[in-house]
>>> print(open('entry-v4.pdb').read())   # PDB, C-alpha atoms, pLDDT in the B column
ATOM      1  CA  MET P   1     151.021  72.386  91.531  1.00 69.00           C
ATOM      2  CA  THR P   2     149.756  75.886  90.854  1.00 80.00           C
ATOM      3  CA  LEU P   3     150.683  78.987  92.817  1.00 89.00           C
ATOM      4  CA  LEU P   4     149.775  78.635  96.488  1.00 92.00           C
ATOM      5  CA  HIS P   5     148.546  81.283  98.905  1.00 91.00           C
ATOM      6  CA  ARG P   6     148.802  81.830 102.634  1.00 92.00           C
ATOM      7  CA  ARG P   7     145.840  83.271 104.462  1.00 93.00           C
ATOM      8  CA  GLN P   8     145.517  86.980 105.122  1.00 90.00           C
ATOM      9  CA  PRO P   9     145.590  88.399 107.709  1.00 90.00           C
ATOM     10  CA  ALA P  10     148.140  85.999 109.077  1.00 90.00           C
ATOM     11  CA  PRO P  11     147.658  84.525 112.560  1.00 91.00           C
ATOM     12  CA  ARG P  12     150.143  85.454 115.277  1.00 93.00           C
ATOM     13  CA  HIS P  13     151.770  82.974 117.680  1.00 94.00           C
ATOM     14  CA  ASP P  14     154.991  82.862 119.670  1.00 94.00           C
ATOM     15  CA  ASP P  15     155.399  79.142 118.987  1.00 96.00           C
ATOM     16  CA  PHE P  16     155.733  78.276 115.290  1.00 96.00           C
ATOM     17  CA  ARG P  17     154.309  74.797 115.909  1.00 95.00           C
ATOM     18  CA  LEU P  18     150.918  76.343 116.634  1.00 95.00           C
ATOM     19  CA  TYR P  19     150.706  77.439 113.013  1.00 96.00           C
ATOM     20  CA  LYS P  20     150.394  73.874 111.760  1.00 96.00           C
ATOM     21  CA  VAL P  21     146.591  73.890 111.858  1.00 93.00           C
ATOM     22  CA  TYR P  22     146.514  76.966 109.608  1.00 95.00           C
ATOM     23  CA  LEU P  23     149.271  75.882 107.242  1.00 96.00           C
ATOM     24  CA  ARG P  24     147.584  72.534 106.814  1.00 94.00           C
ATOM     25  CA  GLU P  25     144.482  74.239 105.460  1.00 93.00           C
ATOM     26  CA  ASP P  26     146.304  76.903 103.445  1.00 95.00           C
ATOM     27  CA  PHE P  27     148.355  74.303 101.589  1.00 95.00           C
ATOM     28  CA  VAL P  28     145.393  71.938 101.123  1.00 93.00           C
ATOM     29  CA  TYR P  29     146.781  69.054 103.171  1.00 94.00           C
ATOM     30  CA  ARG P  30     149.765  68.496 100.863  1.00 95.00           C
ATOM     31  CA  CYS P  31     153.506  68.807 101.049  1.00 97.00           C
ATOM     32  CA  VAL P  32     154.395  71.973  99.165  1.00 97.00           C
ATOM     33  CA  TYR P  33     157.456  70.326  97.618  1.00 97.00           C
ATOM     34  CA  CYS P  34     156.468  66.802  96.568  1.00 97.00           C
ATOM     35  CA  THR P  35     152.646  67.361  96.670  1.00 96.00           C
ATOM     36  CA  VAL P  36     152.043  64.134  98.601  1.00 97.00           C
ATOM     37  CA  HIS P  37     148.690  64.368 100.406  1.00 95.00           C
ATOM     38  CA  GLU P  38     148.047  63.484 104.039  1.00 93.00           C
ATOM     39  CA  SER P  39     145.898  60.562 102.906  1.00 91.00           C
ATOM     40  CA  GLU P  40     148.845  59.261 100.845  1.00 93.00           C
ATOM     41  CA  TRP P  41     151.460  59.590 103.574  1.00 93.00           C
ATOM     42  CA  GLY P  42     150.077  58.481 106.919  1.00 89.00           C
ATOM     43  CA  GLY P  43     148.160  61.597 107.957  1.00 89.00           C
ATOM     44  CA  PHE P  44     149.092  64.889 109.589  1.00 89.00           C
ATOM     45  CA  ARG P  45     151.612  63.307 111.965  1.00 92.00           C
ATOM     46  CA  HIS P  46     153.943  62.846 109.014  1.00 95.00           C
ATOM     47  CA  PHE P  47     153.776  66.546 108.130  1.00 96.00           C
ATOM     48  CA  GLN P  48     155.668  69.414 109.686  1.00 97.00           C
ATOM     49  CA  VAL P  49     155.910  73.179 109.817  1.00 97.00           C
ATOM     50  CA  GLU P  50     158.650  73.972 107.322  1.00 98.00           C
ATOM     51  CA  HIS P  51     160.751  77.125 107.578  1.00 98.00           C
ATOM     52  CA  PHE P  52     161.334  78.141 103.965  1.00 98.00           C
ATOM     53  CA  ARG P  53     164.289  80.242 105.035  1.00 98.00           C
ATOM     54  CA  PRO P  54     165.853  77.986 107.677  1.00 97.00           C
ATOM     55  CA  LYS P  55     165.514  79.162 111.243  1.00 95.00           C
ATOM     56  CA  VAL P  56     169.218  78.517 111.862  1.00 96.00           C
ATOM     57  CA  HIS P  57     170.144  81.151 109.284  1.00 96.00           C
ATOM     58  CA  PHE P  58     167.116  83.427 109.760  1.00 97.00           C
ATOM     59  CA  PRO P  59     166.187  83.348 113.473  1.00 96.00           C
ATOM     60  CA  LYS P  60     164.110  86.511 113.148  1.00 96.00           C
ATOM     61  CA  LEU P  61     161.749  84.607 110.831  1.00 97.00           C
ATOM     62  CA  LEU P  62     161.155  81.799 113.333  1.00 96.00           C
ATOM     63  CA  THR P  63     157.486  82.655 113.835  1.00 96.00           C
ATOM     64  CA  GLU P  64     156.897  84.733 110.723  1.00 96.00           C
ATOM     65  CA  TYR P  65     153.900  83.201 108.959  1.00 97.00           C
ATOM     66  CA  SER P  66     155.073  84.370 105.532  1.00 96.00           C
ATOM     67  CA  ASN P  67     158.149  82.152 105.958  1.00 97.00           C
ATOM     68  CA  LEU P  68     156.279  79.004 106.941  1.00 97.00           C
ATOM     69  CA  LEU P  69     155.150  76.140 104.719  1.00 97.00           C
ATOM     70  CA  TYR P  70     153.544  72.716 105.132  1.00 97.00           C
ATOM     71  CA  ALA P  71     155.870  69.859 104.214  1.00 98.00           C
ATOM     72  CA  CYS P  72     156.073  66.099 104.655  1.00 97.00           C
ATOM     73  CA  ASP P  73     158.664  64.845 107.106  1.00 97.00           C
ATOM     74  CA  VAL P  74     160.800  63.371 104.309  1.00 98.00           C
ATOM     75  CA  CYS P  75     161.123  66.565 102.236  1.00 98.00           C
ATOM     76  CA  ASN P  76     161.616  68.594 105.395  1.00 97.00           C
ATOM     77  CA  ALA P  77     164.448  66.306 106.485  1.00 97.00           C
ATOM     78  CA  PHE P  78     166.155  66.419 103.086  1.00 98.00           C
ATOM     79  CA  LYS P  79     165.978  70.217 102.943  1.00 97.00           C
ATOM     80  CA  GLY P  80     167.119  70.654 106.528  1.00 96.00           C
ATOM     81  CA  ASP P  81     169.103  73.875 106.986  1.00 97.00           C
ATOM     82  CA  ASP P  82     170.206  74.023 103.364  1.00 97.00           C
ATOM     83  CA  TRP P  83     170.070  77.542 101.936  1.00 98.00           C
ATOM     84  CA  PRO P  84     172.596  78.081  99.138  1.00 97.00           C
ATOM     85  CA  SER P  85     171.192  81.326  97.768  1.00 96.00           C
ATOM     86  CA  ASP P  86     168.814  84.211  98.380  1.00 96.00           C
ATOM     87  CA  GLN P  87     168.498  84.587  94.605  1.00 96.00           C
ATOM     88  CA  PRO P  88     167.868  81.059  93.330  1.00 96.00           C
ATOM     89  CA  LEU P  89     166.835  82.046  89.813  1.00 95.00           C
ATOM     90  CA  THR P  90     169.943  84.152  89.341  1.00 95.00           C
ATOM     91  CA  ASP P  91     172.366  81.775  91.061  1.00 96.00           C
ATOM     92  CA  ARG P  92     170.674  78.673  89.590  1.00 96.00           C
ATOM     93  CA  VAL P  93     170.642  76.904  92.962  1.00 97.00           C
ATOM     94  CA  GLY P  94     168.318  77.064  95.941  1.00 97.00           C
ATOM     95  CA  TYR P  95     164.584  76.876  96.506  1.00 98.00           C
ATOM     96  CA  LEU P  96     161.529  78.472  94.947  1.00 97.00           C
ATOM     97  CA  ASP P  97     158.821  79.700  97.284  1.00 96.00           C
ATOM     98  CA  PRO P  98     155.581  78.010  96.123  1.00 96.00           C
ATOM     99  CA  CYS P  99     153.697  81.149  97.147  1.00 96.00           C
ATOM    100  CA  GLU P 100     155.751  83.217  94.723  1.00 95.00           C
ATOM    101  CA  HIS P 101     156.437  80.758  91.922  1.00 96.00           C
ATOM    102  CA  ASP P 102     154.030  78.487  90.086  1.00 96.00           C
ATOM    103  CA  TYR P 103     155.707  75.080  90.266  1.00 96.00           C
ATOM    104  CA  ASP P 104     153.829  73.964  87.152  1.00 94.00           C
ATOM    105  CA  LEU P 105     156.161  76.269  85.213  1.00 95.00           C
ATOM    106  CA  TYR P 106     159.275  74.636  86.643  1.00 96.00           C
ATOM    107  CA  PHE P 107     158.446  70.937  86.879  1.00 97.00           C
ATOM    108  CA  VAL P 108     156.669  68.439  84.629  1.00 97.00           C
ATOM    109  CA  VAL P 109     155.775  64.776  85.214  1.00 96.00           C
ATOM    110  CA  ALA P 110     157.240  62.424  82.602  1.00 97.00           C
ATOM    111  CA  ASP P 111     155.646  59.280  81.202  1.00 95.00           C
ATOM    112  CA  ASP P 112     157.624  57.166  83.673  1.00 96.00           C
ATOM    113  CA  TYR P 113     156.277  59.350  86.524  1.00 97.00           C
ATOM    114  CA  ARG P 114     159.594  61.013  87.184  1.00 97.00           C
ATOM    115  CA  LEU P 115     159.514  64.724  87.941  1.00 97.00           C
ATOM    116  CA  LEU P 116     161.478  66.563  85.274  1.00 97.00           C
ATOM    117  CA  PRO P 117     162.990  69.963  86.154  1.00 97.00           C
ATOM    118  CA  MET P 118     162.607  72.686  83.555  1.00 97.00           C
ATOM    119  CA  THR P 119     165.257  75.062  84.951  1.00 97.00           C
ATOM    120  CA  PRO P 120     168.575  74.758  86.823  1.00 97.00           C
ATOM    121  CA  VAL P 121     167.075  75.754  90.165  1.00 97.00           C
ATOM    122  CA  ALA P 122     164.288  73.207  89.681  1.00 97.00           C
ATOM    123  CA  SER P 123     166.969  70.606  88.998  1.00 98.00           C
ATOM    124  CA  TYR P 124     168.659  71.541  92.264  1.00 98.00           C
ATOM    125  CA  MET P 125     165.387  71.051  94.148  1.00 98.00           C
ATOM    126  CA  VAL P 126     164.702  67.682  92.508  1.00 98.00           C
ATOM    127  CA  GLU P 127     168.143  66.419  93.484  1.00 98.00           C
ATOM    128  CA  ARG P 128     168.323  67.916  96.981  1.00 98.00           C
ATOM    129  CA  LEU P 129     164.781  66.915  97.988  1.00 98.00           C
ATOM    130  CA  HIS P 130     164.919  63.571  96.162  1.00 98.00           C
ATOM    131  CA  LEU P 131     161.656  64.344  94.396  1.00 98.00           C
ATOM    132  CA  ASN P 132     161.971  61.213  92.286  1.00 98.00           C
ATOM    133  CA  ARG P 133     162.180  58.778  95.172  1.00 97.00           C
ATOM    134  CA  ASN P 134     160.308  55.541  94.517  1.00 97.00           C
ATOM    135  CA  GLN P 135     157.437  56.350  96.862  1.00 96.00           C
ATOM    136  CA  LEU P 136     156.645  59.558  94.964  1.00 97.00           C
ATOM    137  CA  ARG P 137     156.792  57.874  91.571  1.00 97.00           C
ATOM    138  CA  LYS P 138     154.306  55.293  92.826  1.00 97.00           C
ATOM    139  CA  VAL P 139     152.029  58.069  94.105  1.00 97.00           C
ATOM    140  CA  ARG P 140     152.103  59.815  90.718  1.00 97.00           C
ATOM    141  CA  GLU P 141     151.406  56.548  88.919  1.00 97.00           C
ATOM    142  CA  LYS P 142     148.475  55.786  91.227  1.00 97.00           C
ATOM    143  CA  ARG P 143     147.009  59.247  90.691  1.00 96.00           C
ATOM    144  CA  ALA P 144     147.300  58.923  86.914  1.00 97.00           C
ATOM    145  CA  ARG P 145     145.653  55.510  86.974  1.00 97.00           C
ATOM    146  CA  GLU P 146     142.799  56.752  89.125  1.00 97.00           C
ATOM    147  CA  GLU P 147     142.236  59.748  86.868  1.00 97.00           C
ATOM    148  CA  THR P 148     142.173  57.519  83.792  1.00 97.00           C
ATOM    149  CA  LEU P 149     139.585  55.238  85.398  1.00 97.00           C
ATOM    150  CA  HIS P 150     137.547  58.247  86.470  1.00 97.00           C
ATOM    151  CA  ASN P 151     137.501  59.668  82.952  1.00 97.00           C
ATOM    152  CA  GLN P 152     136.644  56.302  81.451  1.00 98.00           C
ATOM    153  CA  TYR P 153     133.767  55.816  83.873  1.00 97.00           C
ATOM    154  CA  ILE P 154     132.318  59.257  83.161  1.00 97.00           C
ATOM    155  CA  GLN P 155     132.622  58.602  79.423  1.00 98.00           C
ATOM    156  CA  LEU P 156     130.829  55.277  79.837  1.00 97.00           C
ATOM    157  CA  ILE P 157     127.989  56.978  81.702  1.00 97.00           C
ATOM    158  CA  ASP P 158     127.754  59.746  79.115  1.00 97.00           C
ATOM    159  CA  ASP P 159     127.596  57.206  76.285  1.00 96.00           C
ATOM    160  CA  THR P 160     124.900  55.269  78.130  1.00 95.00           C
ATOM    161  CA  LEU P 161     122.874  58.427  78.728  1.00 96.00           C
ATOM    162  CA  THR P 162     123.139  59.370  75.057  1.00 95.00           C
ATOM    163  CA  MET P 163     121.890  55.965  73.970  1.00 93.00           C
ATOM    164  CA  MET P 164     118.952  56.143  76.390  1.00 93.00           C
ATOM    165  CA  GLN P 165     118.006  59.639  75.259  1.00 92.00           C
ATOM    166  CA  THR P 166     118.156  58.510  71.627  1.00 91.00           C
ATOM    167  CA  ALA P 167     115.911  55.542  72.420  1.00 91.00           C
ATOM    168  CA  LEU P 168     113.395  57.815  74.144  1.00 89.00           C
ATOM    169  CA  CYS P 169     113.129  59.879  70.952  1.00 88.00           C
ATOM    170  CA  ASP P 170     111.950  56.803  69.094  1.00 86.00           C
ATOM    171  CA  LEU P 171     108.146  57.049  69.004  1.00 83.00           C
ATOM    172  CA  ALA P 172     107.932  53.308  68.364  1.00 85.00           C
ATOM    173  CA  VAL P 173     109.189  52.503  71.869  1.00 84.00           C
ATOM    174  CA  PRO P 174     106.291  51.000  73.904  1.00 88.00           C
ATOM    175  CA  ALA P 175     105.018  52.877  76.937  1.00 87.00           C
ATOM    176  CA  HIS P 176     106.265  50.311  79.449  1.00 86.00           C
ATOM    177  CA  ALA P 177     109.737  50.334  77.876  1.00 86.00           C
ATOM    178  CA  ARG P 178     109.748  54.148  77.834  1.00 87.00           C
ATOM    179  CA  GLN P 179     108.968  54.199  81.550  1.00 90.00           C
ATOM    180  CA  SER P 180     111.868  51.817  82.268  1.00 91.00           C
ATOM    181  CA  LEU P 181     114.191  53.938  80.151  1.00 91.00           C
ATOM    182  CA  GLU P 182     113.202  57.111  81.980  1.00 91.00           C
ATOM    183  CA  MET P 183     113.838  55.438  85.342  1.00 94.00           C
ATOM    184  CA  ALA P 184     117.215  54.167  84.162  1.00 94.00           C
ATOM    185  CA  LEU P 185     118.068  57.599  82.757  1.00 94.00           C
ATOM    186  CA  ALA P 186     117.324  59.252  86.093  1.00 95.00           C
ATOM    187  CA  MET P 187     119.379  56.616  87.917  1.00 96.00           C
ATOM    188  CA  TRP P 188     122.454  57.088  85.714  1.00 96.00           C
ATOM    189  CA  ARG P 189     122.222  60.878  85.917  1.00 96.00           C
ATOM    190  CA  SER P 190     122.163  60.566  89.694  1.00 97.00           C
ATOM    191  CA  GLU P 191     125.123  58.169  89.590  1.00 97.00           C
ATOM    192  CA  ARG P 192     127.071  60.618  87.431  1.00 97.00           C
ATOM    193  CA  GLU P 193     126.471  63.478  89.866  1.00 97.00           C
ATOM    194  CA  ALA P 194     127.390  61.310  92.861  1.00 97.00           C
ATOM    195  CA  HIS P 195     130.596  60.125  91.226  1.00 97.00           C
ATOM    196  CA  LEU P 196     131.654  63.653  90.259  1.00 97.00           C
ATOM    197  CA  LEU P 197     130.955  64.859  93.797  1.00 96.00           C
ATOM    198  CA  ALA P 198     133.009  62.037  95.304  1.00 95.00           C
ATOM    199  CA  TRP P 199     135.812  62.777  92.844  1.00 95.00           C
ATOM    200  CA  ALA P 200     135.797  66.449  93.763  1.00 93.00           C
ATOM    201  CA  LYS P 201     136.043  65.569  97.466  1.00 92.00           C
ATOM    202  CA  ARG P 202     138.769  62.962  97.128  1.00 89.00           C
ATOM    203  CA  TRP P 203     141.340  65.366  98.583  1.00 89.00           C
ATOM    204  CA  ASP P 204     139.216  66.485 101.495  1.00 87.00           C
ATOM    205  CA  PRO P 205     141.090  66.282 104.816  1.00 79.00           C
ATOM    206  CA  PRO P 206     141.226  62.738 106.199  1.00 68.00           C
ATOM    207  CA  TYR P 207     141.178  64.113 109.746  1.00 63.00           C
ATOM    208  CA  ASN P 208     139.491  67.012 111.486  1.00 61.00           C
ATOM    209  CA  SER P 209     141.658  69.920 112.585  1.00 51.00           C
ATOM    210  CA  GLY P 210     140.537  69.453 116.170  1.00 52.00           C
ATOM    211  CA  ASP P 211     142.006  65.950 116.284  1.00 52.00           C
ATOM    212  CA  TYR P 212     145.469  67.256 117.068  1.00 47.00           C
ATOM    213  CA  ARG P 213     145.100  70.706 118.569  1.00 44.00           C
TER     214      ARG P 213
END
>>> encode(input="entry-v4.pdb", output="structure tokens")
Amino acid sequence: MTLLHRRQPAPRHDDFRLYKVYLREDFVYRCVYCTVHESEWGGFRHFQVEHFRPKVHFPKLLTEYSNLLYACDVCNAFKGDDWPSDQPLTDRVGYLDPCEHDYDLYFVVADDYRLLPMTPVASYMVERLHLNRNQLRKVREKRAREETLHNQYIQLIDDTLTMMQTALCDLAVPAHARQSLEMALAMWRSEREAHLLAWAKRWDPPYNSGDYR
């Protein structure tokens, strides 16, 4: 998961729960820690406003937008009020703010779909948040399988298009066959565009923001 960004200027509310609609969009409908998407974990009702620096220890940051994240209920429960260090990189324990640290530099997915920590503080997060729980490994495996199928399908279409274009260059192809090839070529080009569009939108929000305001 690459570096994330909160919106600017930040909204202002006296109740931190009212920020959920904004955080949901800023963090693209995913838990900032385990990356599970709303569509993979029962929708927005299973996601919560997470206080990066726990409100028990930092009451002045209760409604500070720069301290709020979007997290699934499981990660949020595991983290709880835990805050072992203000300097996690130095002390080698604690939590990395996903808006300040690119998680792709600290974690990597192994062949068995376990999340491997690349630094001591990342190891602390994996253990404390249970980022290798079975449900998450299954999610990572499902994503990898879907991406493989997507790539294979696009490659199949591209190979088919190449063969059709090659056939159209053959002057010996009869007119009626050429017409059929051109129609098929247009159809497969349209299918390719439609599939790529659907793939690009696969992480669109499963619910409208207004459904729970």
>>> residues_around(input="entry-v4.pdb", residues="P:Ala144", least_positions_apart="6", cutoff="10 Å", atoms="all atoms listed in the file", output="NGL selection string")
:P and (113 or 138 or 150)
>>> write_last_selection(input="entry-v4.pdb", atoms="C-alpha atoms", output="short mmCIF file (atom, residue, chain, number, x, y, z; two decimals), in the frame of the given file")
data_model
loop_
_atom_site.label_atom_id
_atom_site.label_comp_id
_atom_site.auth_asym_id
_atom_site.auth_seq_id
_atom_site.Cartn_x
_atom_site.Cartn_y
_atom_site.Cartn_z
CA TYR P 113 156.28 59.35 86.52
CA LYS P 138 154.31 55.29 92.83
CA HIS P 150 137.55 58.25 86.47
#
>>> closest_residue(input="entry-v4.pdb", among="P:Gln152, P:Gln165, P:Thr35, P:Val121", to="P:Gln87", atoms="all atoms listed in the file")
P:Val121
>>> atom_distance(input="entry-v4.pdb", atom1="atom CA of P:Arg7", atom2="atom CA of P:Phe44")
19.4 Å
>>> atom_distance(input="entry-v4.pdb", atom1="atom CA of P:Glu64", atom2="atom CA of P:Arg92")
25.9 Å
>>> atom_distance(input="entry-v4.pdb", atom1="atom CA of P:Cys31", atom2="atom CA of P:Arg12")
22.2 Å
>>> residues_around(input="entry-v4.pdb", residues="stretch 123-131 of chain P", least_positions_apart="3", cutoff="12 Å", atoms="only C-alpha atoms", output="compact mmCIF listing (two decimals) with C-alpha atoms, in the frame of the given file")
# COMPACT_ATOMS: atom_id res chain seq x y z
CA CYS P 31 153.51 68.81 101.05
CA VAL P 32 154.40 71.97 99.16
CA TYR P 33 157.46 70.33 97.62
CA CYS P 34 156.47 66.80 96.57
CA THR P 35 152.65 67.36 96.67
CA VAL P 36 152.04 64.13 98.60
CA ALA P 71 155.87 69.86 104.21
CA CYS P 72 156.07 66.10 104.66
CA ASP P 73 158.66 64.84 107.11
CA VAL P 74 160.80 63.37 104.31
CA CYS P 75 161.12 66.56 102.24
CA ASN P 76 161.62 68.59 105.40
CA ALA P 77 164.45 66.31 106.48
CA PHE P 78 166.16 66.42 103.09
CA LYS P 79 165.98 70.22 102.94
CA GLY P 80 167.12 70.65 106.53
CA ASP P 81 169.10 73.88 106.99
CA ASP P 82 170.21 74.02 103.36
CA TRP P 83 170.07 77.54 101.94
CA PRO P 84 172.60 78.08 99.14
CA SER P 85 171.19 81.33 97.77
CA PRO P 88 167.87 81.06 93.33
CA LEU P 89 166.84 82.05 89.81
CA ASP P 91 172.37 81.78 91.06
CA ARG P 92 170.67 78.67 89.59
CA VAL P 93 170.64 76.90 92.96
CA GLY P 94 168.32 77.06 95.94
CA TYR P 95 164.58 76.88 96.51
CA LEU P 96 161.53 78.47 94.95
CA ASP P 97 158.82 79.70 97.28
CA TYR P 103 155.71 75.08 90.27
CA TYR P 106 159.28 74.64 86.64
CA PHE P 107 158.45 70.94 86.88
CA VAL P 108 156.67 68.44 84.63
CA VAL P 109 155.78 64.78 85.21
CA TYR P 113 156.28 59.35 86.52
CA ARG P 114 159.59 61.01 87.18
CA LEU P 115 159.51 64.72 87.94
CA LEU P 116 161.48 66.56 85.27
CA PRO P 117 162.99 69.96 86.15
CA MET P 118 162.61 72.69 83.56
CA THR P 119 165.26 75.06 84.95
CA PRO P 120 168.58 74.76 86.82
CA ASN P 134 160.31 55.54 94.52
CA GLN P 135 157.44 56.35 96.86
CA LEU P 136 156.65 59.56 94.96
CA ARG P 137 156.79 57.87 91.57
CA LYS P 138 154.31 55.29 92.83
CA VAL P 139 152.03 58.07 94.10
CA ARG P 140 152.10 59.82 90.72
>>> residues_around(input="entry-v4.pdb", residues="P:Asp102", least_positions_apart="2", cutoff="8 Å", atoms="only C-alpha atoms", output="PyMOL selection string")
chain P and resi 1-4+98-100+104-106
>>> resolve_selection(input="entry-v4.pdb", expression="the PyMOL selection byres ((chain P and resi 195-204) around 9)", output="PyMOL selection string")
chain P and resi 28-29+37-39+150+154+190-194+205-207
>>> resolve_selection(input="entry-v4.pdb", expression="the PyMOL selection byres ((chain P and resi 15) around 12)", output="PyMOL selection string")
chain P and resi 11-14+16-20+49+61-65
>>> closest_residue(input="entry-v4.pdb", among="P:Trp41, P:Phe58, P:Phe47, P:Tyr70", to="P:Tyr22", atoms="only C-alpha atoms")
P:Tyr70
>>> decode(input="entry-v4.pdb", residues="stretch 113-161 of chain P", atoms="C-alpha atoms", output="mmCIF file, in the first residue's frame")
data_model
loop_
_atom_site.group_PDB
_atom_site.id
_atom_site.type_symbol
_atom_site.label_atom_id
_atom_site.label_comp_id
_atom_site.auth_asym_id
_atom_site.auth_seq_id
_atom_site.Cartn_x
_atom_site.Cartn_y
_atom_site.Cartn_z
ATOM 1 C CA TYR P 113 0.343 -14.870 1.169
ATOM 2 C CA ARG P 114 1.818 -14.063 4.542
ATOM 3 C CA LEU P 115 2.808 -10.458 5.146
ATOM 4 C CA LEU P 116 6.537 -10.301 5.793
ATOM 5 C CA PRO P 117 7.903 -7.366 7.829
ATOM 6 C CA MET P 118 11.062 -5.749 6.519
ATOM 7 C CA THR P 119 11.997 -3.861 9.709
ATOM 8 C CA PRO P 120 11.623 -4.382 13.476
ATOM 9 C CA VAL P 121 8.774 -1.895 13.796
ATOM 10 C CA ALA P 122 6.972 -3.575 10.896
ATOM 11 C CA SER P 123 7.413 -6.880 12.714
ATOM 12 C CA TYR P 124 5.826 -5.351 15.803
ATOM 13 C CA MET P 125 2.823 -4.220 13.756
ATOM 14 C CA VAL P 126 2.406 -7.623 12.097
ATOM 15 C CA GLU P 127 2.382 -9.353 15.473
ATOM 16 C CA ARG P 128 0.275 -6.825 17.389
ATOM 17 C CA LEU P 129 -2.346 -6.387 14.650
ATOM 18 C CA HIS P 130 -2.285 -10.061 13.633
ATOM 19 C CA LEU P 131 -1.770 -9.098 10.004
ATOM 20 C CA ASN P 132 -1.316 -12.731 9.028
ATOM 21 C CA ARG P 133 -4.649 -13.940 10.344
ATOM 22 C CA ASN P 134 -6.264 -16.550 8.109
ATOM 23 C CA GLN P 135 -8.916 -14.205 6.742
ATOM 24 C CA LEU P 136 -6.269 -11.793 5.439
ATOM 25 C CA ARG P 137 -4.202 -14.542 3.843
ATOM 26 C CA LYS P 138 -7.314 -15.718 2.014
ATOM 27 C CA VAL P 139 -8.005 -12.158 0.844
ATOM 28 C CA ARG P 140 -4.461 -11.819 -0.515
ATOM 29 C CA GLU P 141 -4.709 -15.184 -2.250
ATOM 30 C CA LYS P 142 -8.046 -14.239 -3.824
ATOM 31 C CA ARG P 143 -6.652 -10.933 -5.065
ATOM 32 C CA ALA P 144 -3.619 -12.642 -6.594
ATOM 33 C CA ARG P 145 -5.805 -15.217 -8.313
ATOM 34 C CA GLU P 146 -8.102 -12.559 -9.718
ATOM 35 C CA GLU P 147 -5.169 -10.527 -11.005
ATOM 36 C CA THR P 148 -3.680 -13.592 -12.686
ATOM 37 C CA LEU P 149 -6.984 -14.349 -14.415
ATOM 38 C CA HIS P 150 -7.313 -10.719 -15.450
ATOM 39 C CA ASN P 151 -3.852 -10.683 -17.005
ATOM 40 C CA GLN P 152 -4.447 -13.987 -18.750
ATOM 41 C CA TYR P 153 -7.734 -12.771 -20.199
ATOM 42 C CA ILE P 154 -6.199 -9.550 -21.508
ATOM 43 C CA GLN P 155 -3.339 -11.544 -23.038
ATOM 44 C CA LEU P 156 -5.830 -13.874 -24.712
ATOM 45 C CA ILE P 157 -7.687 -10.911 -26.198
ATOM 46 C CA ASP P 158 -4.460 -9.290 -27.369
ATOM 47 C CA ASP P 159 -3.344 -12.520 -29.046
ATOM 48 C CA THR P 160 -6.733 -12.854 -30.729
ATOM 49 C CA LEU P 161 -6.606 -9.263 -31.962
#
